[in-house]
Each structure stands twice: as structure tokens, then as C-alpha cells.
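Asker: This is work_19.cif (mmCIF, C-alpha atoms).
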data_run
loop_
_atom_site.label_atom_id
_atom_site.label_comp_id
_atom_site.auth_asym_id
_atom_site.auth_seq_id
_atom_site.Cartn_x
_atom_site.Cartn_y
_atom_site.Cartn_z
CA MET H 1 -10.57 -53.32 35.80
CA SER H 2 -8.28 -51.60 38.27
CA CYS H 3 -8.96 -48.31 39.99
CA GLU H 4 -6.39 -46.69 37.75
CA HIS H 5 -8.43 -47.66 34.71
CA TYR H 6 -11.61 -46.49 36.41
CA GLN H 7 -10.09 -43.14 37.19
CA LYS H 8 -8.90 -42.74 33.65
CA ALA H 9 -12.37 -43.57 32.39
CA ILE H 10 -13.86 -41.08 34.84
CA ASN H 11 -11.46 -38.45 33.61
CA ASP H 12 -12.31 -39.12 29.98
CA SER H 13 -16.00 -39.05 30.68
CA LEU H 14 -15.79 -35.74 32.45
CA ALA H 15 -13.57 -34.32 29.74
CA ALA H 16 -16.13 -35.28 27.12
CA GLY H 17 -18.82 -33.54 29.14
CA ASP H 18 -20.95 -36.64 29.12
CA GLU H 19 -22.92 -38.03 31.95
CA LEU H 20 -20.95 -40.59 33.94
CA PRO H 21 -21.76 -44.16 32.83
CA ARG H 22 -23.66 -46.25 35.30
CA LYS H 23 -20.81 -48.73 35.68
CA LEU H 24 -18.36 -46.01 36.63
CA ARG H 25 -20.84 -44.40 38.97
CA ALA H 26 -21.40 -47.75 40.70
CA HIS H 27 -17.67 -48.30 41.13
CA ALA H 28 -17.14 -44.81 42.48
CA ASP H 29 -19.89 -45.39 45.02
CA SER H 30 -18.16 -48.52 46.25
CA CYS H 31 -14.51 -47.32 46.02
CA SER H 32 -13.44 -44.44 48.22
CA ALA H 33 -10.30 -43.66 46.20
CA CYS H 34 -12.20 -43.53 42.93
CA ARG H 35 -14.99 -41.51 44.55
CA ALA H 36 -12.46 -38.99 45.78
CA ALA H 37 -10.91 -38.90 42.32
CA LEU H 38 -14.35 -38.38 40.78
CA GLU H 39 -15.14 -35.53 43.14
CA ALA H 40 -11.76 -33.91 42.55
CA GLU H 41 -12.01 -34.25 38.79
CA SER H 42 -15.59 -33.04 38.76
CA ALA H 43 -14.60 -29.97 40.71
CA PHE H 44 -11.63 -29.49 38.47
CA PHE H 45 -13.62 -29.62 35.23
CA SER H 46 -16.38 -27.54 36.77
CA ALA H 47 -13.81 -24.90 37.58
CA ILE H 48 -12.50 -25.06 34.04
CA ASP H 49 -15.98 -24.74 32.59
CA ALA H 50 -16.83 -21.92 34.94
CA GLY H 51 -13.64 -20.10 34.02
CA ILE H 52 -14.26 -20.44 30.31
CA ARG H 53 -17.91 -19.46 30.64
CA LYS H 54 -16.98 -16.43 32.64
CA ARG H 55 -14.45 -15.54 30.04
CA VAL H 56 -16.77 -15.76 27.05
CA ASN H 57 -20.13 -14.78 28.46
CA GLU H 58 -19.29 -11.31 29.54
CA VAL H 59 -21.97 -8.83 28.64
CA PRO H 60 -20.88 -6.82 25.61
CA PRO H 61 -20.27 -3.16 26.31
CA PRO H 62 -23.26 -0.99 25.47
CA GLY H 63 -21.29 1.05 23.00
CA LEU H 64 -20.29 -1.91 20.85
CA ILE H 65 -23.01 -1.70 18.22
CA ALA H 66 -23.12 2.08 18.35
CA GLY H 67 -19.38 2.16 17.80
CA VAL H 68 -19.70 -0.08 14.77
CA ARG H 69 -22.47 2.11 13.39
CA THR H 70 -20.32 5.18 13.87
CA ARG H 71 -17.41 3.59 12.11
CA LEU H 72 -19.71 2.40 9.35
CA ALA H 73 -21.03 5.91 8.95
CA ASN H 74 -17.49 7.14 8.54
CA GLU H 75 -16.70 4.39 6.08
CA PRO H 76 -18.36 5.97 3.00
CA ALA H 77 -16.69 9.26 3.82
CA THR H 78 -13.36 7.56 3.50
CA ARG H 79 -14.37 6.12 0.19
CA ARG H 80 -15.66 9.47 -0.98
CA ARG H 81 -12.32 10.97 -0.18
CA LEU H 82 -10.61 8.43 -2.37
CA PHE H 83 -12.95 8.95 -5.28
CA PRO H 84 -12.05 12.59 -6.04
CA VAL H 85 -8.38 11.71 -5.90
CA TRP H 86 -8.97 9.22 -8.64
CA VAL H 87 -11.09 11.65 -10.59
CA ALA H 88 -8.58 14.43 -10.10
CA ALA H 89 -5.77 12.23 -11.40
CA LEU H 90 -7.82 11.31 -14.43
CA SER H 91 -8.78 14.91 -15.01
CA MET H 92 -5.19 16.04 -14.82
CA ALA H 93 -4.20 13.38 -17.29
CA ALA H 94 -6.99 14.49 -19.63
CA VAL H 95 -5.98 18.12 -19.32
CA ALA H 96 -2.36 17.26 -19.99
CA LEU H 97 -3.41 15.28 -23.04
CA GLY H 98 -5.56 18.14 -24.26
CA VAL H 99 -2.79 20.66 -23.80
CA GLY H 100 -0.44 18.38 -25.64
CA LEU H 101 -2.85 18.08 -28.53
CA LEU H 102 -3.35 21.83 -28.67
CA LEU H 103 0.34 22.55 -28.66
CA ARG H 104 1.02 19.95 -31.32
CA PRO H 105 1.41 21.49 -34.80
CA PHE H 106 -1.80 20.81 -36.61
CA ARG H 107 -2.72 21.17 -40.23
CA ASP H 108 -5.74 22.43 -42.03
CA PRO H 109 -7.27 19.93 -44.34
CA PRO H 110 -6.07 20.48 -47.86
CA GLY H 111 -8.32 22.74 -49.83
CA SER H 112 -10.15 24.10 -46.85
CA PRO H 113 -10.97 27.76 -47.10
CA PRO H 114 -9.10 30.08 -44.84
CA GLU H 115 -10.94 31.23 -41.80
CA ASN H 116 -11.15 34.93 -41.10
CA PRO H 117 -8.26 36.08 -43.21
CA SER H 118 -6.72 39.19 -41.86
CA PRO H 119 -6.15 42.26 -43.97
CA VAL H 120 -2.45 41.73 -43.58
CA ALA H 121 -2.68 38.30 -45.09
CA GLN H 122 -4.90 39.48 -47.89
CA ASN H 123 -2.34 42.05 -48.89
CA ILE H 124 0.42 39.54 -49.19
CA PRO H 125 0.72 38.19 -52.66
CA PRO H 126 1.28 34.52 -53.14
CA VAL H 127 4.67 33.49 -54.26
CA GLY H 128 5.00 33.96 -57.97
CA ALA H 129 1.57 35.53 -58.29
CA GLY H 130 2.67 38.36 -60.50
CA PRO H 131 2.93 42.10 -60.15
CA SER H 132 -0.45 42.59 -58.54
CA GLY H 133 1.01 42.36 -55.10
CA ALA H 134 2.99 44.84 -53.14
CA LEU H 135 6.24 43.32 -54.21
CA PRO H 136 7.41 42.51 -57.70
CA PRO H 137 7.68 38.78 -58.26
CA GLU H 138 11.28 38.97 -59.26
CA LYS H 139 12.03 40.39 -55.86
CA ILE H 140 10.42 37.64 -53.89
CA ALA H 141 10.42 34.55 -56.00
CA PRO H 142 13.41 32.64 -57.13
CA PRO H 143 13.63 32.38 -60.89
CA GLY H 144 13.33 28.64 -60.93
CA ARG H 145 10.04 28.62 -59.09
CA ALA H 146 8.31 31.51 -60.75
CA THR H 147 6.14 29.21 -62.84
CA GLN H 148 4.83 27.17 -59.96
CA PRO H 149 1.18 27.56 -59.04
CA PRO H 150 0.54 29.88 -56.19
CA GLY H 151 0.07 28.38 -52.80
CA PRO H 152 -2.82 29.02 -50.54
CA SER H 153 -3.12 32.41 -49.09
CA ILE H 154 -1.58 33.05 -45.72
CA THR H 155 -4.24 32.95 -43.07
CA PRO H 156 -3.19 33.88 -39.61
CA SER H 157 -6.09 32.32 -37.77
CA ARG H 158 -4.61 33.20 -34.44
CA PRO H 159 -1.88 35.57 -33.38
CA PRO H 160 -0.25 33.35 -30.79
CA ALA H 161 2.84 33.84 -28.76
CA GLN H 162 5.00 32.07 -31.31
CA VAL H 163 4.52 34.97 -33.66
CA LEU H 164 5.68 37.42 -31.08
CA ASP H 165 8.64 35.23 -30.37
CA ALA H 166 9.48 35.18 -34.05
CA GLU H 167 9.32 38.94 -34.19
CA VAL H 168 11.73 39.18 -31.40
CA LEU H 169 14.09 36.58 -32.70
CA VAL H 170 14.14 37.42 -36.39
CA PRO H 171 16.08 40.52 -37.37
CA GLN H 172 14.19 43.08 -39.34
CA GLU H 173 16.21 42.69 -42.48
CA ASP H 174 15.72 38.91 -42.52
CA ARG H 175 11.98 38.84 -42.04
CA LEU H 176 11.06 38.70 -45.66
CA ALA H 177 13.44 35.91 -46.36
CA LEU H 178 12.12 33.99 -43.39
CA ALA H 179 8.55 34.56 -44.46
CA LEU H 180 9.30 33.19 -47.87
CA LEU H 181 11.09 30.26 -46.38
CA VAL H 182 8.13 29.52 -44.18
CA ARG H 183 5.80 29.65 -47.11
CA ARG H 184 8.00 27.43 -49.21
CA LEU H 185 9.09 24.87 -46.69
CA GLY H 186 6.20 24.97 -44.30
CA GLN H 187 2.96 23.27 -44.91
CA PRO H 188 0.64 25.30 -47.02
CA GLY H 189 -2.21 26.60 -45.04
CA SER H 190 -0.71 25.81 -41.69
CA PRO H 191 -2.10 28.45 -39.39
CA GLN H 192 1.06 28.68 -37.39
CA ASN H 193 3.28 29.20 -40.40
CA SER H 194 0.75 31.45 -41.99
CA ALA H 195 0.48 33.56 -38.90
CA LEU H 196 4.21 33.72 -38.64
CA ALA H 197 4.56 34.73 -42.24
CA ALA H 198 1.79 37.26 -41.92
CA SER H 199 3.38 38.87 -38.96
CA LEU H 200 6.71 38.95 -40.69
CA LEU H 201 5.29 40.30 -43.89
CA ASP H 202 3.76 43.37 -42.42
CA PRO H 203 3.52 45.66 -45.43
CA LYS H 204 4.28 48.67 -43.31
CA GLU H 205 7.61 47.27 -42.43
CA LEU H 206 8.48 45.58 -45.70
CA LYS H 207 11.26 47.11 -47.69
CA PRO H 208 12.37 46.02 -51.09
CA ILE H 209 15.50 44.00 -51.05
CA ALA H 210 18.26 45.56 -53.02
CA ASP H 211 19.99 43.52 -55.65
CA LEU H 212 22.90 41.62 -54.39
CA GLN H 213 26.04 43.43 -55.28
CA ILE H 214 29.06 41.22 -55.46
CA PRO H 215 32.28 43.04 -56.11
CA GLN H 216 34.41 41.72 -58.90
CA LEU H 217 37.12 39.55 -57.59
CA GLU H 218 40.57 40.19 -58.78
CA VAL H 219 42.38 36.94 -59.33
CA GLU H 220 46.10 37.00 -59.54
CA PRO H 221 48.26 34.02 -60.34
CA LEU H 222 50.30 32.66 -57.55
CA ALA H 223 53.93 33.44 -57.60
CA THR H 224 55.99 30.40 -58.58
CA GLY H 225 58.90 29.72 -56.27
CA SER H 226 61.13 26.78 -55.52
CA SER H 227 60.26 26.80 -51.86
CA GLU H 228 56.45 26.75 -52.42
CA SER H 229 56.18 24.12 -55.17
CA GLY H 230 58.40 21.54 -53.57
CA ASP H 231 55.63 19.59 -51.81
CA GLY H 232 53.72 18.54 -54.91
CA GLU H 233 56.66 17.73 -57.16
CA ARG H 234 58.85 14.78 -57.01
CA MET D 1 -36.49 12.41 -31.31
CA GLN D 2 -36.73 13.48 -27.71
CA GLU D 3 -37.89 10.04 -26.68
CA LEU D 4 -34.91 8.50 -28.40
CA ALA D 5 -32.58 10.87 -26.60
CA LEU D 6 -34.18 10.30 -23.23
CA GLU D 7 -34.19 6.54 -23.42
CA PRO D 8 -30.52 6.03 -22.48
CA LEU D 9 -30.94 8.50 -19.65
CA ASN D 10 -33.88 6.56 -18.35
CA ARG D 11 -31.89 3.38 -18.55
CA MET D 12 -29.04 4.96 -16.63
CA ALA D 13 -31.41 6.33 -14.03
CA GLN D 14 -33.03 2.94 -13.68
CA GLY D 15 -29.67 1.28 -13.28
CA GLU D 16 -28.65 3.78 -10.66
CA LEU D 17 -31.91 3.35 -8.82
CA ALA D 18 -31.54 -0.41 -8.89
CA ARG D 19 -28.03 -0.12 -7.57
CA GLN D 20 -29.13 2.17 -4.76
CA ALA D 21 -31.98 -0.13 -3.86
CA GLU D 22 -29.60 -3.07 -3.78
CA THR D 23 -27.21 -1.17 -1.52
CA ALA D 24 -30.02 -0.17 0.80
CA ALA D 25 -31.28 -3.75 1.02
CA ARG D 26 -27.78 -4.95 1.72
CA GLU D 27 -27.33 -2.40 4.48
CA ARG D 28 -30.67 -3.33 6.03
CA GLU D 29 -29.69 -6.97 6.01
CA PHE D 30 -26.34 -6.22 7.53
CA GLU D 31 -27.99 -4.10 10.20
CA THR D 32 -30.05 -7.09 11.19
CA HIS D 33 -26.95 -9.23 11.44
CA LEU D 34 -25.12 -6.51 13.31
CA THR D 35 -27.67 -6.40 16.08
CA ALA D 36 -28.01 -10.15 16.29
CA CYS D 37 -24.37 -11.17 15.99
CA GLY D 38 -22.48 -8.27 17.51
CA PRO D 39 -22.39 -9.89 20.96
CA LEU D 40 -21.07 -13.12 19.45
CA ALA D 41 -18.15 -11.28 17.88
CA PHE D 42 -17.42 -9.65 21.20
CA ARG D 43 -17.61 -12.87 23.18
CA VAL D 44 -15.35 -14.74 20.82
CA ALA D 45 -12.83 -11.95 21.03
CA ARG D 46 -13.24 -11.74 24.77
CA GLY D 47 -12.65 -15.47 25.07
CA VAL D 48 -9.34 -15.11 23.32
CA LEU D 49 -8.16 -11.79 24.64
CA ARG D 50 -9.32 -11.74 28.27
CA ASN D 51 -9.65 -8.01 28.04
CA THR D 52 -12.95 -6.24 27.56
CA ALA D 53 -11.59 -3.13 25.89
CA ASP D 54 -9.45 -5.10 23.46
CA ALA D 55 -12.32 -7.48 22.78
CA GLU D 56 -14.65 -4.59 22.00
CA GLU D 57 -12.16 -3.13 19.59
CA VAL D 58 -11.58 -6.45 17.89
CA ALA D 59 -15.30 -7.14 17.68
CA GLN D 60 -15.89 -3.79 16.03
CA GLU D 61 -13.13 -4.45 13.57
CA ALA D 62 -14.54 -7.89 12.83
CA LEU D 63 -17.97 -6.43 12.19
CA LEU D 64 -16.51 -3.79 9.92
CA ARG D 65 -14.64 -6.40 7.96
CA ALA D 66 -17.77 -8.46 7.71
CA TYR D 67 -19.58 -5.42 6.38
CA ARG D 68 -16.91 -4.74 3.79
CA ARG D 69 -16.91 -8.33 2.61
CA PHE D 70 -20.61 -8.92 2.97
CA ASP D 71 -20.97 -9.26 -0.79
CA ARG D 72 -18.60 -12.19 -0.81
CA LEU D 73 -20.71 -14.20 1.60
CA ARG D 74 -22.59 -16.67 -0.55
CA ASP D 75 -25.03 -17.85 2.07
CA PRO D 76 -26.22 -15.16 4.51
CA ARG D 77 -27.27 -17.89 6.92
CA GLN D 78 -23.60 -18.58 7.49
CA PHE D 79 -23.04 -15.08 8.74
CA ARG D 80 -22.74 -15.99 12.43
CA GLY D 81 -20.08 -18.60 11.89
CA TRP D 82 -18.29 -16.42 9.38
CA LEU D 83 -18.25 -13.53 11.80
CA ALA D 84 -17.13 -15.77 14.65
CA ARG D 85 -14.17 -16.95 12.58
CA ILE D 86 -13.24 -13.40 11.58
CA SER D 87 -13.42 -12.25 15.18
CA PHE D 88 -11.43 -15.27 16.35
CA ARG D 89 -8.65 -14.67 13.85
CA LEU D 90 -8.47 -10.98 14.59
CA ALA D 91 -8.37 -11.69 18.30
CA LEU D 92 -5.59 -14.23 17.81
CA ASP D 93 -3.59 -11.69 15.86
CA ARG D 94 -4.13 -9.12 18.57
CA LEU D 95 -3.16 -11.62 21.23
CA LYS D 96 0.04 -12.54 19.45
CA SER D 97 1.14 -8.95 19.11
CA ALA D 98 0.17 -8.24 22.72
CA ARG D 99 2.09 -11.29 23.87
CA ARG D 100 5.18 -10.20 22.01
CA ARG D 101 4.90 -6.81 23.62
CA GLU D 102 4.33 -8.35 27.03
CA LEU D 103 7.34 -10.60 26.61
CA ARG D 104 9.50 -7.62 25.86
CA GLU D 105 8.20 -5.70 28.83
CA THR D 106 8.10 -8.45 31.48
CA ARG D 107 11.03 -10.58 30.50
CA TRP D 108 12.64 -10.10 33.89
CA ALA D 109 9.48 -9.95 35.93
CA ALA D 110 9.10 -12.26 38.93
CA GLU D 111 7.18 -15.53 38.52
CA PRO D 112 3.83 -15.83 40.34
CA PRO D 113 3.78 -17.75 43.59
CA PRO D 114 3.29 -21.52 43.27
CA ALA D 115 0.12 -23.46 44.07
CA ALA D 116 -0.17 -27.02 45.36
CA THR D 117 -2.44 -29.45 43.49
CA ALA D 118 -4.93 -29.13 40.67
CA GLU D 119 -7.77 -28.93 43.14
CA GLU D 120 -6.01 -26.33 45.18
CA LEU D 121 -5.18 -24.55 42.00
CA ALA D 122 -8.83 -24.58 41.01
CA ALA D 123 -9.77 -23.10 44.34
CA SER D 124 -6.98 -20.61 44.41
CA GLY D 125 -7.10 -17.11 43.13
CA GLU D 126 -4.54 -17.77 40.47
CA PHE D 127 -6.58 -20.54 38.87
CA ARG D 128 -8.09 -18.15 36.43
CA GLU D 129 -4.72 -16.93 35.35
CA ARG D 130 -3.51 -20.48 34.85
CA LEU D 131 -6.64 -21.40 32.97
CA GLU D 132 -6.27 -18.48 30.65
CA GLN D 133 -2.66 -19.33 30.05
CA ALA D 134 -3.61 -22.90 29.24
CA LEU D 135 -6.40 -21.72 26.99
CA ASP D 136 -4.04 -19.51 25.09
CA GLU D 137 -1.75 -22.45 24.45
CA LEU D 138 -4.49 -24.54 22.90
CA PRO D 139 -4.49 -24.95 19.13
CA GLY D 140 -6.90 -22.60 17.42
CA ARG D 141 -9.23 -25.24 16.05
CA LEU D 142 -9.69 -26.64 19.54
CA ARG D 143 -9.89 -23.31 21.23
CA ILE D 144 -12.67 -21.87 19.12
CA VAL D 145 -14.77 -24.97 19.66
CA LEU D 146 -14.25 -24.69 23.39
CA LEU D 147 -15.11 -21.02 23.44
CA LEU D 148 -18.19 -21.33 21.28
CA ALA D 149 -19.46 -24.30 23.25
CA ALA D 150 -19.03 -22.43 26.49
CA MET D 151 -21.16 -19.55 25.28
CA GLU D 152 -24.65 -19.40 26.60
CA GLY D 153 -27.24 -20.97 24.40
CA HIS D 154 -24.83 -22.81 22.14
CA SER D 155 -25.46 -26.49 21.73
CA LEU D 156 -23.08 -28.79 19.96
CA GLU D 157 -25.24 -28.64 16.86
CA GLU D 158 -25.16 -24.88 16.86
CA VAL D 159 -21.40 -24.84 17.24
CA ALA D 160 -21.21 -27.29 14.37
CA ALA D 161 -23.43 -25.06 12.27
CA LEU D 162 -21.37 -22.02 13.16
CA LEU D 163 -18.12 -23.64 12.18
CA GLY D 164 -19.51 -25.61 9.27
CA ILE D 165 -18.27 -28.92 10.59
CA PRO D 166 -20.11 -32.09 11.67
CA SER D 167 -21.39 -32.40 15.21
CA GLY D 168 -19.20 -35.43 15.77
CA THR D 169 -16.14 -33.36 14.91
CA VAL D 170 -17.24 -30.70 17.37
CA LYS D 171 -17.67 -33.30 20.06
CA SER D 172 -14.29 -34.90 19.48
CA ARG D 173 -12.57 -31.51 19.36
CA LEU D 174 -14.30 -30.48 22.52
CA PHE D 175 -13.14 -33.62 24.21
CA LYS D 176 -9.55 -33.10 23.05
CA ALA D 177 -9.63 -29.47 24.10
CA ARG D 178 -10.82 -30.22 27.60
CA LYS D 179 -8.34 -33.05 28.00
CA LYS D 180 -5.47 -30.87 26.87
CA LEU D 181 -6.62 -28.05 29.06
CA ALA D 182 -6.78 -30.30 32.10
CA GLU D 183 -3.36 -31.71 31.32
CA LYS D 184 -1.88 -28.27 30.94
CA LEU D 185 -3.40 -27.13 34.19
CA ARG D 186 -2.08 -30.17 35.97
CA CYS D 187 1.30 -29.63 34.39
CA LEU D 188 1.28 -26.05 35.58
CA ALA D 189 0.26 -27.19 39.02
CA SER D 190 3.00 -29.79 39.23
CA THR D 191 5.53 -27.32 37.90
CA THR D 192 4.67 -24.79 40.52
CA ARG D 193 4.59 -27.46 43.22
CA LYS D 194 8.14 -28.53 42.44
CA ARG D 195 9.47 -25.02 42.89
#
Once you've parsed the file, please lay out its structure as C-alpha cells.
Answerer:
Amino acid sequence: MSCEHYQKAINDSLAAGDELPRKLRAHADSCSACRAALEAESAFFSAIDAGIRKRVNEVPPPGLIAGVRTRLANEPATRRRLFPVWVAALSMAAVALGVGLLLRPFRDPPGSPPENPSPVAQNIPPVGAGPSGALPPEKIAPPGRATQPPGPSITPSRPPAQVLDAEVLVPQEDRLALALLVRRLGQPGSPQNSALAASLLDPKELKPIADLQIPQLEVEPLATGSSESGDGER
Amino acid sequence: MQELALEPLNRMAQGELARQAETAAREREFETHLTACGPLAFRVARGVLRNTADAEEVAQEALLRAYRRFDRLRDPRQFRGWLARISFRLALDRLKSARRRELRETRWAAEPPPAATAEELAASGEFRERLEQALDELPGRLRIVLLLAAMEGHSLEEVAALLGIPSGTVKSRLFKARKKLAEKLRCLASTTRKR
């Protein structure tokens, strides 16, 4: 084996970090060139090892673990901050849902007794109930519906803002008609409609509706002329 | 009636207590690992980054990540190797971004003065710089083996246990890493000699 091969073997052995084989050691002892190569390579790899060791074996700074502990202590705080955001979002969604449900028109179950009927509502006769009420039935009920069974009494369970809005929007002279319409077309027992009707049918403000007076129309035959009847005649 | 009503509450309280006890045990276990393995995370990062401040920061980040993912670790005995890999990857990422920044800033900077041979290079003051440059150019799988093996108290078997690979693989990677490192250093030396 030539010195070149020996030097390559020396290099490989040193690179592997193994102890130099006896055969190589013997050759290096007898060959000055290979001995010089061995010394140079040994110094070279020793320098490499020393450099790497110096690089990785530095003493950790004293604040390393303390810094981690500090950051760990702050870690739950960060999570706690996220939690209320999630809860707040859910709460807002729940509130929005609740408000939506409250604002939605709801109905009383059929046949349920009215809750806390107001004196105003008690004074209002049901449609077609007869002359016991404040208004004669012929004044408030259409003739075709006079025989229908009376609907449930109007129960304004709450005087909400819609009622006030209706008072503002509905002219005084149309309130009775609107109240009747609400009672006829609206759901019986609906608190909103009932409240609206009750507010509209305030007996203090109710006035009997006068009979509709339609003046007799005078019909006169059209004058026949050649210029006017030309379009339809051929 | 009251017992029936209280039973679910007791169950909930027991569940909460069990959860708290589990969290406390987990934190105690992690605290043990933190004290024992914190220096390893730092040294791995320091081996990659060559900068103590950066290495400290990366080591802290690695430990925090290990804490956050501690539940995912199936075998707690693998914590050291797991942490070493986390720290190594974080340090590599930091090094890449730092290198990009350095390239931008020193694109037109002057080259360092040349050295003569590998031996002279080893003896010279710039050897360390060359070595670190060569180390940085090593593939990651070779570099981490080299770094871990160079740490005090790490035998080949321990490096193998840390990385979860056979000892023979560690030995062969170590050999390749040192060979490549020597070649790179020689290449650097010859390059500088030609100039």
C-alpha cells in the first residue's frame, strides 16, 4: 500500500474518531511523510473538535430557565384573555337570538285565559256580541258576520311601543275601523293585536260612526253625435 | 331529593378536581424536564447560531413549544431528544432568516484576508469563522449529530437515544459530517490561498 493510501486511511480513521489502527500507526512511525500527515491531520481534527465543543458547550445564561418560567407564567394569562372573547361572542349571539325571539310576533295558545285584562279591554264588546257593549252591534259589525261567535276578549298584556306608534300613525277617525280590522284579521288573542285594538278602542275617544251618506247620482244619457260614435261603428 | 340534585354537581366537581390534578402533575413533570433539559436546548441552539443571545431566545422558545405540546409526547423519556430537535429546527429557521438579512446588509462587504494551509488555518484566528461557516453548510441530519456528539457527556449511544436512531447510524453520520467538514475547511483554505 502506498503512502497515499496510508494517508487516506489515516484521514478516514481520524474522521471517524476512532483510535488509529496498529498497522497505520506502525507505518507512520516508519514513514516521515505519513507521520507528518498524521500529525497535521490530528491537529486539524483536534482543532475542528475543539471549535465545535467550544461552540456547543457554552454555559447557558443564568436567566434561561427563569425566562422560560416567566414566559410560562404569562402563558395562561394569554389564554385567559382569549377565553372571554369567545364567551363574549357567544353571549352576544345569545342576546341577539333572545332579542329576535322577543321581537318576533308570538301567539297565545288557543283557549288560554287572558292575563290581567285591563279595564279598557273589558269594556270593549266582542264583535257581534249584542247591545250589551258600548256600541250597538250594527255599528261595528258587518251584517254578514253578525252571527259569528264572538272572538276572545282583547287582552292588552303589555302596552308596548307599537301601540304608541299606532296611535300616532292612525288618524282618530279611522281608529275604530282599524281596531275592528285587527280583531278580524289578526290572530285572536294575540297580545300585540289585542293591545293595539285596546288602545285604539279607548271608550273615551270612541265616537259612533255616522251612517254613510251617499248622494244620489244623477245619470244622464250621453248625447249622440256623429263625431263621437264614429269609432265603434263600421 | 337533595341528594339527587347534588349528585351531578359532585360529579362535575370531581371532574374538575381530576382535571386540575392532572394539569398540576403535568406541570410538575414539565418543570423537572425544564431544569434538566434547558441547557441542552440552549447548547443545540448555540451550536447552530453561534450567538449566545439568539441561542437563549431560541432555547426559550423551544422550551415553550415543548410545554405547549407536552400532551402530544407519547413517551416522556423521549423528551430530551424531542426538545433537541425542536431547538435545532428553531435555530435553523433563525439562522436562515439571519443569513438572509446578513446577505442583504453585507453584500458589498470586503472578503476576509486569506490563510495559507489547513494547518495554518487551524492555527489562525479566522479558523473559528471558517469552521462555523463550514458547519452551517452541513446538512441538518449530519450537523445535529455532530453538535450533539460534541456536547459534554454525550456518548454515541446517548446521541442515538436522543435522535431515536441506531448507534451505527450515528457513527456513520458522524464520520460523514467530520469528513465533509474537513473537506470544506480544506476547500476554504485552498480558495483563500489561490487569491
Asker: Find, counting all atoms listed in the file, the residue in D:Ala53, D:Val44, D:Ala161, D:Cys187 that gets nearest to D:Phe88.
Answerer: D:Val44
Asker: Can you turn the PyMOL selection byres ((chain H) within 12 of (chain D)) into a concrete residue list for this file, as a VMD selection string?
Answerer: chain H and resid 8 10 to 18 36 to 76 79
Asker: Which polymer residues have any atom within 12 Å of an atom of D:Glu157, counting all atoms listed in the file, with same-chain residues fewer than 2 positions away left out, as a ChimeraX atom specification?
Answerer: /D:145,148-149,153-155,159-171
Asker: Would you mind reading off the distance between atom CA of H:Ala179 and atom CA of H:Val99, one decimal, in Å?
Answerer: 27.4 Å
Asker: Give me, please, the distance in Å between atom CA of D:Glu27 and atom CA of D:Arg89, quoted to one decimal.
Answerer: 24.2 Å
Asker: Interatomic distance between atom CA of D:Glu183 and atom CA of H:Ser32?
Answerer: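 A separation of 23.4 Å between them.
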Asker: Counting all atoms listed in the file, what is within 7 Å of D:Val58, bar same-chain residues fewer than 6 positions away, as a list in words?
Answerer: Ala45, Ser87, Leu90 and Ala91 of chain D
Asker: Around (-23.5, -17.7, 6.4) in the file's own coordinates, what residues are found within 12 Å if you use all atoms listed in the file, given back as JSON, numbers by chain?
Answerer: {"D": [30, 33, 37, 66, 70, 71, 72, 73, 74, 75, 76, 77, 78, 79, 80, 81, 82, 83, 84, 85, 161, 162, 163, 164]}
